[in-house]
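Peer 1: Dropping the structure in here first, questions after.
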Amino acid sequence: MFIPRQITPKVQALAKNFPVLAITGPRQSGKTTLVKRLFSDYTYISLENPFNREQAEQDPLALLTQHENGVIIDEAQYVPELFSHIQLMADNNKKKGEFIITGSQNFYLSESISQSLAGRVAILKLLPLSLRELQNSSKHFKTYQQHIYYGFYPRIFDDEISPNDLYPNYIETYVERDVRQILNVKNLSQFKLFLKTCAGHIGQTVNTTQISNAVGIDHKTVKEWISVLESSYVVFQLTPWYKNFNKRLVKSPKLYFYDTGLACSLIGINSSDQIDTYYAKGALFENFIIAEMMKNRFNKGEKAEFYFWKDNANHEVDVIVERGTEIHPIEIKSGQTLHSSFLKGLLYFNTLSENPVDNAHLIYGGLENKKAQGIKINSWKNLPF
């Protein structure tokens, strides 16, 4: 069963305006399924196929010209030499939407695009399914605990695969395919420990000393490995908001996973019932909400520029969103019953920053949508609000 993707209108619009459209994102997030469905009359070429890869390396022009309407090049980062030929053909043919390229290793894909296709390519990011997409397809769950545990990879819903089967195999495939290609990782078990350690640090400021001690690697390697996880769409970081209001601020970024199902597998959660007893339940819920906010932005073709704010006295706001000159502070609480304490951080921030109170938002684990002390309160089910 194909679940319609919210990014579809943006894909179609950009393909009418640019000769090349690049769609990046994690492995198995639905990139191939989407482009083959939207561009069904295009020639499809997967560079994970050794034969296609060899042909692309030896005779790229023959590969790129064997189509009438357009060509989809899947996992294009495997043959970066193709990009200069795509550039020449795009300039000569001047045909909109002729080349659709996908890739799951943003490190290599971005490098190739910036070198050869600048000004000729539109770039979109496709993450796993969003909560709204599942709600529209009647595939959603009743509780956020189920969503956190199952995650949002399409195969969970298309093929009804158990998370306990999908994610361990996904992790093995990721380590085998991607990490060995980007990093010279000699000890794969050590890298798996690093992955698990990162999952255990969700929602925390990145402490390279703590991670390096837990895994047995140096600080430089911690930063390098996190960078690779980011470029492969496994983790992302929120950076601190820059205005200090004469306060000393936390300067390290916070770490999150693009998919909570993958994170749950890494930390050993094997049922949704275990979410409520997990010591960092709030961090998992926070991760779930922020990832949904990112999907909403990416599906519109927008940048997901989110920040957090925290001073040295532990006053904190989970997410800061800037919209032009407006500042929207967002607090995220997993509790299902509203408490006045949920608003404490937002009220402090608004007073300190002289920010209008009606720009503030609380997202929580309950079901009501209302206002309290001028702050907009939204249920997790109301995403994106």
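FYI, nothing fancy with the structure tokens labels: chains A, B, ... in order, residues from 1 per chain, ligands from 1 as they appear.
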Need the shell around stretch 60-65 of chain A: protein/DNA/RNA residues with any atom at most 10 Å away, counting only C-alpha atoms. Skip same-chain ones fewer than 5 positions apart. Format as a ChimeraX atom specification?
Peer 2: /A:43,45,52-55,70-73,79,81-86,89,99
Peer 1: Can you list every residue in stretch 126-360 of chain A that DSSP puts in strand (DSSP E or B), as a ChimeraX atom specification?
Peer 2: /A:205,235-240,249,254-257,306-311,316-323,326-333
Peer 1: List the spatial neighbours of stretch 110-115 of chain A as a count of residues only - criterion: any atom at most 12 Å away, only C-alpha atoms, same-chain residues fewer than 2 positions off excluded.
Peer 2: 37
Peer 1: If we count only C-alpha atoms and set the cut-off at 10 Å, which residues sit around A:Tyr174, ignoring sequence neighbours fewer than 4 positions away in its own chain? Please answer as a list in words.
Peer 2: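 Once the adjacent positions are removed, what remains is Pro26, Arg27, Pro168, Asn169, Tyr170, Asp178, Val179, Arg180, Ser232 and Val234 of chain A.
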Peer 1: If you count only C-alpha atoms, which residues fall within 8 Å of stretch 155-158 of chain A, apart from same-chain ones fewer than 4 positions away, as a list in words?
Peer 2: Met1, Phe2, Gln28, Lys139, Tyr150, Ser162, Pro163 and Leu166 of chain A
Peer 1: Keeping only C-alpha atoms, write the selected residues to a file as an mmCIF file, in the first residue's frame.
Peer 2:
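Writing the result to result22.cif gives the following:
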```
data_model
loop_
_atom_site.group_PDB
_atom_site.id
_atom_site.type_symbol
_atom_site.label_atom_id
_atom_site.label_comp_id
_atom_site.auth_asym_id
_atom_site.auth_seq_id
_atom_site.Cartn_x
_atom_site.Cartn_y
_atom_site.Cartn_z
ATOM 1 C CA MET A 1 0.000 0.000 0.000
ATOM 2 C CA PHE A 2 1.407 3.362 -1.057
ATOM 3 C CA GLN A 28 14.361 3.295 2.930
ATOM 4 C CA LYS A 139 -2.396 3.951 9.569
ATOM 5 C CA TYR A 150 7.217 1.826 15.776
ATOM 6 C CA SER A 162 7.795 -5.757 13.333
ATOM 7 C CA PRO A 163 10.138 -2.998 14.558
ATOM 8 C CA LEU A 166 13.248 -4.193 10.836
#
```
Peer 1: So that I can check the surroundings of stretch 211-218 of chain A, please list as a ChimeraX atom specification every protein, DNA and RNA residue that reaches within 7 Å of it, counting only C-alpha atoms and ignoring chain neighbours fewer than 2 positions away.
Peer 2: /A:190,193-194,197,207-209,220-222
